[in-house]
Amino acid sequence: MILVLGQCSDQVIGAFMHHCVKHSVDFAFVDLNQLGKSIDMDELYWFFPGQSPVSHSDITGVYNRFLDWPKQNKYQMDRLLSLFDWLDHRYENVINRPKDTMSNLSKPYQLDIASQFFSWSIPKTNIIMNTQIKIKSPFICKSISSERSIVNQVYRQEEKAFYEPALLQAYIPGLNIRVHACDDVIVAVGIQSDAVDYRYSRFENDIFMYHLPGQVEKDILALNRTLGLRFSGVDLIYHNKKYYFLEANPSPGYAYFESQLSRPYISEALVSSLSRSIH
Amino acid sequence: MILFLTHEKDIFAKQCYLMLKYQYQVPTRWLSWQVFKKQSQCHMLGHQDIFNAILPSPQQIDVLYVNLNGINEGSKQDSDMKDQRYYLHSWLGFLMWYANQVKYCLNPLKHGVFSPGVWSKTNIRRQAHLCGLSVSEHRRKRTEVICSILGNQIITDDPSFLCTLGHERIKASFKLFHALELKFGQIFFDESGALCKLSQSIQYQISVPVIIKACQYMLSKLSYHGFQYLHVLNVSNGWTLSTTERPKIV
Amino acid sequence: MSHKIGFEGYKHENNVGFFGKENSKDGKDGKEGKDDICPVATQVHHLIELY
């Protein structure tokens, strides 16, 4: 049985569970807002309302999409911390362990690691704080951490003030590529969009299967191994016959991309990885 | 250079800073979080020569002492929770990069430590058992002995306690620190030698020997192109090349 | 019979379809399944009691 962890507001989890239902894959969904309330766990079992207890030993894999700390009392906090312990140390098969997702807490830290691979380049990236600058070539500005920022403005000639640390990165026009890598399975899509940040396009994006060069695929798998990630969503840009690496998302919102494809390749890969024992 | 990034009341760090600066006379800087957060900084990934008004680039720092306690000092308290989280994560995101650029960081700031499953009571207890240490099961009113671990050295105010601990448990303590990727920190033992508490900074019993050992450890990490700096010479009546090394030309 | 524990509760909370069926595009974050999650860092605890 696959354990699915997340919150009801997360549509990615919905798409994954829908896939499981369609293909008769056993799963149990832990709504983290209910942990310590209607859902509970102890050293041996999970307890769901109206269900027989589910033994930890019956769980073949855990799909972890811990979104945010729910409001909690002390007991619920204890349960959450206990869950983190299971995810980081006790379950054998977790996509992804919380401790491995933390590289995304710092984009430059991750970029430094990605710069060790040669099939892509890293866009010129500056970290700036407490400084007023005048921009002279096209740049985009984004959050330095994993906190979401909308990157829809290209700065060309403006003055800009930086207070908290943020990234000023060379604007690379070109084709956005999202690569989902789950263990050894790679699914790449191209995204043709009118917006700089395709997530916030006012119009529908065109999404199509993209064939990556073999070396880029190898490097993505090697990067995942370096970061400890078994599933990631890597953002690349293809421009002037070169690939540029932007970031590797450790909990990618893959469902949007998959909904445009002919097959649920990524859900299939996730189910395959989470259904097998990895002893 | 040795750079201290910590909170204003970090007495251990302040004493180390002063000793390194005025006794050992090595390039040393102290920045509290409040001051650090106001510094103008520009860094370019992969380059050292970017214009930077005040701070050296991380590549010029040999040892970075970083204590995240108090990192929220000077935060935007008037903003909502979401903004405060974004602000904190922006600084953590910067520090994680910065700390991994310098040659030596005390304590290392690897990404895993930010998971609640890593720096947790359950995990530390598990790691302690794996390393061969016993853990105190109950909070009792009893004497606790604090041992400071500074790299490869262990110091306590009660040296006879180290005999009580014995070689195996001292070795296990270092093993535990290695497993938790800590270089500096403190372990609290009960009188039977069982683990009670663990601190990832030096906060208690900050004695002169502790400061001296810590400074010596940091100095051992100061390296200039293949040699290690020890201290300034106070006398000038010796020779670099001895007389026998300077044969007289007849 | 396959187990799908918690699925009905999820559907009840959301009251929407899934991708490839009734994609809800209301422009709000989290509603289109393209949201990468940011890991949430723990608060830094310095002294841990191990009792």
# chains A, B, ... in the order shown; residues from 1 in each chain; ligands from 1
>>> select_by_dssp(residues="range 93-279 of chain A", states="helix (DSSP H, G or I)", output="PDB file with N, CA, C and O atoms, in the first residue's frame")
ATOM      1  N   PRO A  98      12.125  14.423   3.696  1.00  0.00           N
ATOM      2  CA  PRO A  98      12.181  15.865   3.965  1.00  0.00           C
ATOM      3  C   PRO A  98      13.605  16.413   3.971  1.00  0.00           C
ATOM      4  O   PRO A  98      13.868  17.481   3.417  1.00  0.00           O
ATOM      5  N   LYS A  99      14.546  15.669   4.572  1.00  0.00           N
ATOM      6  CA  LYS A  99      15.912  16.197   4.682  1.00  0.00           C
ATOM      7  C   LYS A  99      16.544  16.387   3.305  1.00  0.00           C
ATOM      8  O   LYS A  99      17.419  17.228   3.143  1.00  0.00           O
ATOM      9  N   ASP A 100      16.093  15.601   2.318  1.00  0.00           N
ATOM     10  CA  ASP A 100      16.666  15.725   0.982  1.00  0.00           C
ATOM     11  C   ASP A 100      16.028  16.848   0.172  1.00  0.00           C
ATOM     12  O   ASP A 100      16.576  17.278  -0.843  1.00  0.00           O
ATOM     13  N   THR A 101      14.833  17.276   0.612  1.00  0.00           N
ATOM     14  CA  THR A 101      14.172  18.351  -0.143  1.00  0.00           C
ATOM     15  C   THR A 101      14.746  19.722   0.211  1.00  0.00           C
ATOM     16  O   THR A 101      14.462  20.697  -0.454  1.00  0.00           O
ATOM     17  N   MET A 102      15.553  19.778   1.274  1.00  0.00           N
ATOM     18  CA  MET A 102      15.967  21.077   1.799  1.00  0.00           C
ATOM     19  C   MET A 102      17.019  21.794   0.937  1.00  0.00           C
ATOM     20  O   MET A 102      17.304  22.955   1.180  1.00  0.00           O
ATOM     21  N   SER A 103      17.618  21.093  -0.028  1.00  0.00           N
ATOM     22  CA  SER A 103      18.598  21.800  -0.884  1.00  0.00           C
ATOM     23  C   SER A 103      17.909  22.934  -1.619  1.00  0.00           C
ATOM     24  O   SER A 103      18.530  23.923  -1.991  1.00  0.00           O
ATOM     25  N   ASN A 104      16.611  22.776  -1.831  1.00  0.00           N
ATOM     26  CA  ASN A 104      15.860  23.800  -2.548  1.00  0.00           C
ATOM     27  C   ASN A 104      15.611  25.040  -1.682  1.00  0.00           C
ATOM     28  O   ASN A 104      15.123  26.055  -2.169  1.00  0.00           O
ATOM     29  N   LEU A 105      15.993  24.939  -0.408  1.00  0.00           N
ATOM     30  CA  LEU A 105      15.845  26.114   0.463  1.00  0.00           C
ATOM     31  C   LEU A 105      16.773  27.239   0.009  1.00  0.00           C
ATOM     32  O   LEU A 105      16.554  28.407   0.314  1.00  0.00           O
ATOM     33  N   LYS A 107      18.484  28.536  -3.539  1.00  0.00           N
ATOM     34  CA  LYS A 107      18.693  28.352  -4.985  1.00  0.00           C
ATOM     35  C   LYS A 107      20.169  28.437  -5.354  1.00  0.00           C
ATOM     36  O   LYS A 107      20.650  27.627  -6.142  1.00  0.00           O
ATOM     37  N   PRO A 108      20.928  29.416  -4.816  1.00  0.00           N
ATOM     38  CA  PRO A 108      22.349  29.458  -5.206  1.00  0.00           C
ATOM     39  C   PRO A 108      23.138  28.232  -4.759  1.00  0.00           C
ATOM     40  O   PRO A 108      24.046  27.787  -5.455  1.00  0.00           O
ATOM     41  N   TYR A 109      22.773  27.672  -3.599  1.00  0.00           N
ATOM     42  CA  TYR A 109      23.420  26.448  -3.105  1.00  0.00           C
ATOM     43  C   TYR A 109      23.198  25.329  -4.121  1.00  0.00           C
ATOM     44  O   TYR A 109      24.112  24.602  -4.493  1.00  0.00           O
ATOM     45  N   GLN A 110      21.965  25.232  -4.590  1.00  0.00           N
ATOM     46  CA  GLN A 110      21.637  24.198  -5.571  1.00  0.00           C
ATOM     47  C   GLN A 110      22.312  24.485  -6.918  1.00  0.00           C
ATOM     48  O   GLN A 110      22.808  23.571  -7.582  1.00  0.00           O
ATOM     49  N   LEU A 111      22.360  25.769  -7.299  1.00  0.00           N
ATOM     50  CA  LEU A 111      23.014  26.133  -8.573  1.00  0.00           C
ATOM     51  C   LEU A 111      24.494  25.774  -8.544  1.00  0.00           C
ATOM     52  O   LEU A 111      25.059  25.341  -9.546  1.00  0.00           O
ATOM     53  N   ASP A 112      25.126  25.980  -7.394  1.00  0.00           N
ATOM     54  CA  ASP A 112      26.542  25.620  -7.266  1.00  0.00           C
ATOM     55  C   ASP A 112      26.744  24.129  -7.499  1.00  0.00           C
ATOM     56  O   ASP A 112      27.695  23.717  -8.159  1.00  0.00           O
ATOM     57  N   ILE A 113      25.853  23.331  -6.954  1.00  0.00           N
ATOM     58  CA  ILE A 113      25.967  21.880  -7.147  1.00  0.00           C
ATOM     59  C   ILE A 113      25.708  21.535  -8.619  1.00  0.00           C
ATOM     60  O   ILE A 113      26.434  20.748  -9.227  1.00  0.00           O
ATOM     61  N   ALA A 114      24.687  22.187  -9.192  1.00  0.00           N
ATOM     62  CA  ALA A 114      24.357  21.896 -10.601  1.00  0.00           C
ATOM     63  C   ALA A 114      25.469  22.338 -11.544  1.00  0.00           C
ATOM     64  O   ALA A 114      25.625  21.781 -12.632  1.00  0.00           O
ATOM     65  N   TYR A 198       5.889  30.884 -17.110  1.00  0.00           N
ATOM     66  CA  TYR A 198       4.748  30.207 -17.740  1.00  0.00           C
ATOM     67  C   TYR A 198       3.676  29.809 -16.734  1.00  0.00           C
ATOM     68  O   TYR A 198       2.522  29.616 -17.089  1.00  0.00           O
ATOM     69  N   ARG A 199       4.056  29.713 -15.442  1.00  0.00           N
ATOM     70  CA  ARG A 199       3.051  29.335 -14.442  1.00  0.00           C
ATOM     71  C   ARG A 199       1.972  30.394 -14.326  1.00  0.00           C
ATOM     72  O   ARG A 199       0.876  30.153 -13.849  1.00  0.00           O
ATOM     73  N   TYR A 200       2.326  31.600 -14.720  1.00  0.00           N
ATOM     74  CA  TYR A 200       1.389  32.716 -14.562  1.00  0.00           C
ATOM     75  C   TYR A 200       1.004  33.322 -15.908  1.00  0.00           C
ATOM     76  O   TYR A 200       0.740  34.499 -16.013  1.00  0.00           O
ATOM     77  N   GLY A 214      21.024  12.659 -24.581  1.00  0.00           N
ATOM     78  CA  GLY A 214      21.333  11.628 -23.587  1.00  0.00           C
ATOM     79  C   GLY A 214      22.166  12.152 -22.425  1.00  0.00           C
ATOM     80  O   GLY A 214      21.943  11.786 -21.267  1.00  0.00           O
ATOM     81  N   GLN A 215      23.121  13.042 -22.719  1.00  0.00           N
ATOM     82  CA  GLN A 215      24.000  13.517 -21.651  1.00  0.00           C
ATOM     83  C   GLN A 215      23.232  14.385 -20.650  1.00  0.00           C
ATOM     84  O   GLN A 215      23.506  14.346 -19.444  1.00  0.00           O
ATOM     85  N   VAL A 216      22.283  15.165 -21.151  1.00  0.00           N
ATOM     86  CA  VAL A 216      21.472  15.989 -20.229  1.00  0.00           C
ATOM     87  C   VAL A 216      20.674  15.063 -19.315  1.00  0.00           C
ATOM     88  O   VAL A 216      20.588  15.288 -18.097  1.00  0.00           O
ATOM     89  N   GLU A 217      20.121  14.014 -19.904  1.00  0.00           N
ATOM     90  CA  GLU A 217      19.360  13.050 -19.079  1.00  0.00           C
ATOM     91  C   GLU A 217      20.258  12.430 -18.010  1.00  0.00           C
ATOM     92  O   GLU A 217      19.880  12.336 -16.844  1.00  0.00           O
ATOM     93  N   LYS A 218      21.455  12.029 -18.433  1.00  0.00           N
ATOM     94  CA  LYS A 218      22.385  11.416 -17.463  1.00  0.00           C
ATOM     95  C   LYS A 218      22.717  12.404 -16.351  1.00  0.00           C
ATOM     96  O   LYS A 218      22.787  12.034 -15.175  1.00  0.00           O
ATOM     97  N   ASP A 219      22.934  13.643 -16.724  1.00  0.00           N
ATOM     98  CA  ASP A 219      23.300  14.649 -15.716  1.00  0.00           C
ATOM     99  C   ASP A 219      22.145  14.914 -14.752  1.00  0.00           C
ATOM    100  O   ASP A 219      22.361  15.173 -13.560  1.00  0.00           O
ATOM    101  N   ILE A 220      20.931  14.873 -15.262  1.00  0.00           N
ATOM    102  CA  ILE A 220      19.774  15.085 -14.370  1.00  0.00           C
ATOM    103  C   ILE A 220      19.683  13.945 -13.353  1.00  0.00           C
ATOM    104  O   ILE A 220      19.475  14.172 -12.156  1.00  0.00           O
ATOM    105  N   LEU A 221      19.901  12.736 -13.815  1.00  0.00           N
ATOM    106  CA  LEU A 221      19.855  11.598 -12.885  1.00  0.00           C
ATOM    107  C   LEU A 221      20.991  11.696 -11.869  1.00  0.00           C
ATOM    108  O   LEU A 221      20.803  11.428 -10.678  1.00  0.00           O
ATOM    109  N   ALA A 222      22.172  12.128 -12.349  1.00  0.00           N
ATOM    110  CA  ALA A 222      23.319  12.257 -11.436  1.00  0.00           C
ATOM    111  C   ALA A 222      23.084  13.394 -10.439  1.00  0.00           C
ATOM    112  O   ALA A 222      23.431  13.282  -9.259  1.00  0.00           O
ATOM    113  N   LEU A 223      22.482  14.484 -10.911  1.00  0.00           N
ATOM    114  CA  LEU A 223      22.180  15.609 -10.006  1.00  0.00           C
ATOM    115  C   LEU A 223      21.206  15.153  -8.918  1.00  0.00           C
ATOM    116  O   LEU A 223      21.386  15.457  -7.731  1.00  0.00           O
ATOM    117  N   ASN A 224      20.182  14.417  -9.329  1.00  0.00           N
ATOM    118  CA  ASN A 224      19.222  13.891  -8.351  1.00  0.00           C
ATOM    119  C   ASN A 224      19.923  13.045  -7.300  1.00  0.00           C
ATOM    120  O   ASN A 224      19.633  13.154  -6.107  1.00  0.00           O
ATOM    121  N   ARG A 225      20.840  12.217  -7.759  1.00  0.00           N
ATOM    122  CA  ARG A 225      21.566  11.366  -6.810  1.00  0.00           C
ATOM    123  C   ARG A 225      22.392  12.230  -5.855  1.00  0.00           C
ATOM    124  O   ARG A 225      22.433  11.992  -4.658  1.00  0.00           O
ATOM    125  N   THR A 226      23.030  13.265  -6.399  1.00  0.00           N
ATOM    126  CA  THR A 226      23.853  14.145  -5.560  1.00  0.00           C
ATOM    127  C   THR A 226      22.999  14.835  -4.499  1.00  0.00           C
ATOM    128  O   THR A 226      23.413  14.989  -3.351  1.00  0.00           O
ATOM    129  N   LEU A 227      21.806  15.261  -4.898  1.00  0.00           N
ATOM    130  CA  LEU A 227      20.940  15.984  -3.961  1.00  0.00           C
ATOM    131  C   LEU A 227      20.150  15.021  -3.064  1.00  0.00           C
ATOM    132  O   LEU A 227      19.488  15.461  -2.130  1.00  0.00           O
ATOM    133  N   ALA A 255       1.338  17.344 -12.069  1.00  0.00           N
ATOM    134  CA  ALA A 255       0.040  16.953 -12.624  1.00  0.00           C
ATOM    135  C   ALA A 255      -0.393  17.864 -13.780  1.00  0.00           C
ATOM    136  O   ALA A 255      -0.997  17.408 -14.749  1.00  0.00           O
ATOM    137  N   TYR A 256      -0.066  19.120 -13.666  1.00  0.00           N
ATOM    138  CA  TYR A 256      -0.432  20.074 -14.719  1.00  0.00           C
ATOM    139  C   TYR A 256       0.186  19.663 -16.051  1.00  0.00           C
ATOM    140  O   TYR A 256      -0.466  19.697 -17.093  1.00  0.00           O
ATOM    141  N   PHE A 257       1.444  19.260 -16.026  1.00  0.00           N
ATOM    142  CA  PHE A 257       2.140  18.889 -17.259  1.00  0.00           C
ATOM    143  C   PHE A 257       1.593  17.563 -17.783  1.00  0.00           C
ATOM    144  O   PHE A 257       1.358  17.390 -18.971  1.00  0.00           O
ATOM    145  N   GLU A 258       1.392  16.641 -16.828  1.00  0.00           N
ATOM    146  CA  GLU A 258       0.949  15.305 -17.231  1.00  0.00           C
ATOM    147  C   GLU A 258      -0.441  15.332 -17.856  1.00  0.00           C
ATOM    148  O   GLU A 258      -0.736  14.537 -18.746  1.00  0.00           O
ATOM    149  N   TYR A 265       2.622   9.273 -17.720  1.00  0.00           N
ATOM    150  CA  TYR A 265       3.967   8.690 -17.568  1.00  0.00           C
ATOM    151  C   TYR A 265       4.522   8.892 -16.150  1.00  0.00           C
ATOM    152  O   TYR A 265       5.152   8.008 -15.593  1.00  0.00           O
ATOM    153  N   ILE A 266       4.288  10.088 -15.602  1.00  0.00           N
ATOM    154  CA  ILE A 266       4.928  10.400 -14.318  1.00  0.00           C
ATOM    155  C   ILE A 266       4.215   9.666 -13.179  1.00  0.00           C
ATOM    156  O   ILE A 266       4.858   9.087 -12.300  1.00  0.00           O
ATOM    157  N   SER A 267       2.888   9.668 -13.219  1.00  0.00           N
ATOM    158  CA  SER A 267       2.144   8.921 -12.186  1.00  0.00           C
ATOM    159  C   SER A 267       2.527   7.453 -12.235  1.00  0.00           C
ATOM    160  O   SER A 267       2.689   6.798 -11.194  1.00  0.00           O
ATOM    161  N   GLU A 268       2.678   6.933 -13.451  1.00  0.00           N
ATOM    162  CA  GLU A 268       3.060   5.514 -13.586  1.00  0.00           C
ATOM    163  C   GLU A 268       4.426   5.265 -12.946  1.00  0.00           C
ATOM    164  O   GLU A 268       4.631   4.270 -12.241  1.00  0.00           O
ATOM    165  N   ALA A 269       5.348   6.203 -13.203  1.00  0.00           N
ATOM    166  CA  ALA A 269       6.698   6.030 -12.643  1.00  0.00           C
ATOM    167  C   ALA A 269       6.648   6.103 -11.117  1.00  0.00           C
ATOM    168  O   ALA A 269       7.314   5.332 -10.418  1.00  0.00           O
ATOM    169  N   LEU A 270       5.847   7.041 -10.599  1.00  0.00           N
ATOM    170  CA  LEU A 270       5.724   7.173  -9.141  1.00  0.00           C
ATOM    171  C   LEU A 270       5.144   5.909  -8.521  1.00  0.00           C
ATOM    172  O   LEU A 270       5.657   5.398  -7.522  1.00  0.00           O
ATOM    173  N   VAL A 271       4.061   5.418  -9.127  1.00  0.00           N
ATOM    174  CA  VAL A 271       3.424   4.200  -8.598  1.00  0.00           C
ATOM    175  C   VAL A 271       4.402   3.044  -8.648  1.00  0.00           C
ATOM    176  O   VAL A 271       4.536   2.277  -7.684  1.00  0.00           O
ATOM    177  N   SER A 272       5.126   2.923  -9.756  1.00  0.00           N
ATOM    178  CA  SER A 272       6.094   1.834  -9.881  1.00  0.00           C
ATOM    179  C   SER A 272       7.160   1.936  -8.785  1.00  0.00           C
ATOM    180  O   SER A 272       7.508   0.940  -8.143  1.00  0.00           O
ATOM    181  N   SER A 273       7.675   3.144  -8.560  1.00  0.00           N
ATOM    182  CA  SER A 273       8.726   3.318  -7.547  1.00  0.00           C
ATOM    183  C   SER A 273       8.198   3.074  -6.131  1.00  0.00           C
ATOM    184  O   SER A 273       8.936   2.580  -5.279  1.00  0.00           O
ATOM    185  N   LEU A 274       6.949   3.466  -5.898  1.00  0.00           N
ATOM    186  CA  LEU A 274       6.430   3.393  -4.526  1.00  0.00           C
ATOM    187  C   LEU A 274       5.782   2.046  -4.198  1.00  0.00           C
ATOM    188  O   LEU A 274       5.479   1.768  -3.039  1.00  0.00           O
ATOM    189  N   SER A 275       5.573   1.236  -5.218  1.00  0.00           N
ATOM    190  CA  SER A 275       4.915  -0.057  -4.990  1.00  0.00           C
ATOM    191  C   SER A 275       5.905  -1.159  -4.712  1.00  0.00           C
ATOM    192  O   SER A 275       5.532  -2.238  -4.287  1.00  0.00           O
TER     193      SER A 275
END
>>> closest_atom_pairs(of="chain B", to="chain A", cutoff="9 Å", atoms="only C-alpha atoms", output="tab-separated table")
residue	atom	partner	partner_atom	distance
B:Lys37	CA	A:Glu164	CA	8.0
B:Lys38	CA	A:Asn130	CA	6.3
B:Gln39	CA	A:Asn130	CA	6.3
B:Ser40	CA	A:Asn130	CA	4.5
B:Gln41	CA	A:Met129	CA	5.4
B:Cys42	CA	A:Ile128	CA	4.5
B:His43	CA	A:Ile127	CA	5.0
B:Met44	CA	A:Asn126	CA	4.3
B:Leu45	CA	A:Thr125	CA	5.7
B:Gly46	CA	A:Asp112	CA	7.8
B:Arg85	CA	A:Glu147	CA	8.6
B:Tyr86	CA	A:Glu147	CA	6.2
B:Tyr87	CA	A:Glu164	CA	6.8
B:His89	CA	A:Ser145	CA	5.8
B:Ser90	CA	A:Ser145	CA	5.3
B:Trp91	CA	A:Pro165	CA	6.5
B:Leu92	CA	A:Ser106	CA	7.4
B:Gly93	CA	A:Ser106	CA	4.0
B:Phe94	CA	A:Ser106	CA	6.6
B:Leu95	CA	A:Ser106	CA	8.4
B:Met96	CA	A:Ser106	CA	6.4
B:Trp97	CA	A:Tyr109	CA	4.5
B:Tyr98	CA	A:Tyr109	CA	8.2
B:Asn100	CA	A:Tyr109	CA	7.6
B:Gln101	CA	A:Tyr109	CA	8.9
B:Lys110	CA	A:Ser103	CA	8.3
B:His111	CA	A:Ser103	CA	5.2
B:Gly112	CA	A:Lys99	CA	4.4
B:Val113	CA	A:Lys99	CA	7.1
B:Phe114	CA	A:Met102	CA	6.6
B:Ser115	CA	A:Lys99	CA	4.8
B:Pro116	CA	A:Phe84	CA	6.4
B:Gly117	CA	A:Asp85	CA	4.6
B:Val118	CA	A:Lys99	CA	7.1
B:Ser120	CA	A:Leu81	CA	8.0
B:Thr122	CA	A:Asp85	CA	7.2
B:Asn123	CA	A:Asp85	CA	7.0
>>> atom_distance(atom1="CA of Ala128 in chain B", atom2="CA of Ala99 in chain B")
26.5 Å
>>> residues_around(residues="Ala28 in chain A", least_positions_apart="5", cutoff="7 Å", atoms="only C-alpha atoms", output="ChimeraX atom specification")
/A:2-4 /C:4-6
>>> interface_residues(of="chain B", to="chain C", cutoff="6 Å", atoms="only C-alpha atoms", output="ChimeraX atom specification")
/B:114,116,121,136-139,196-200
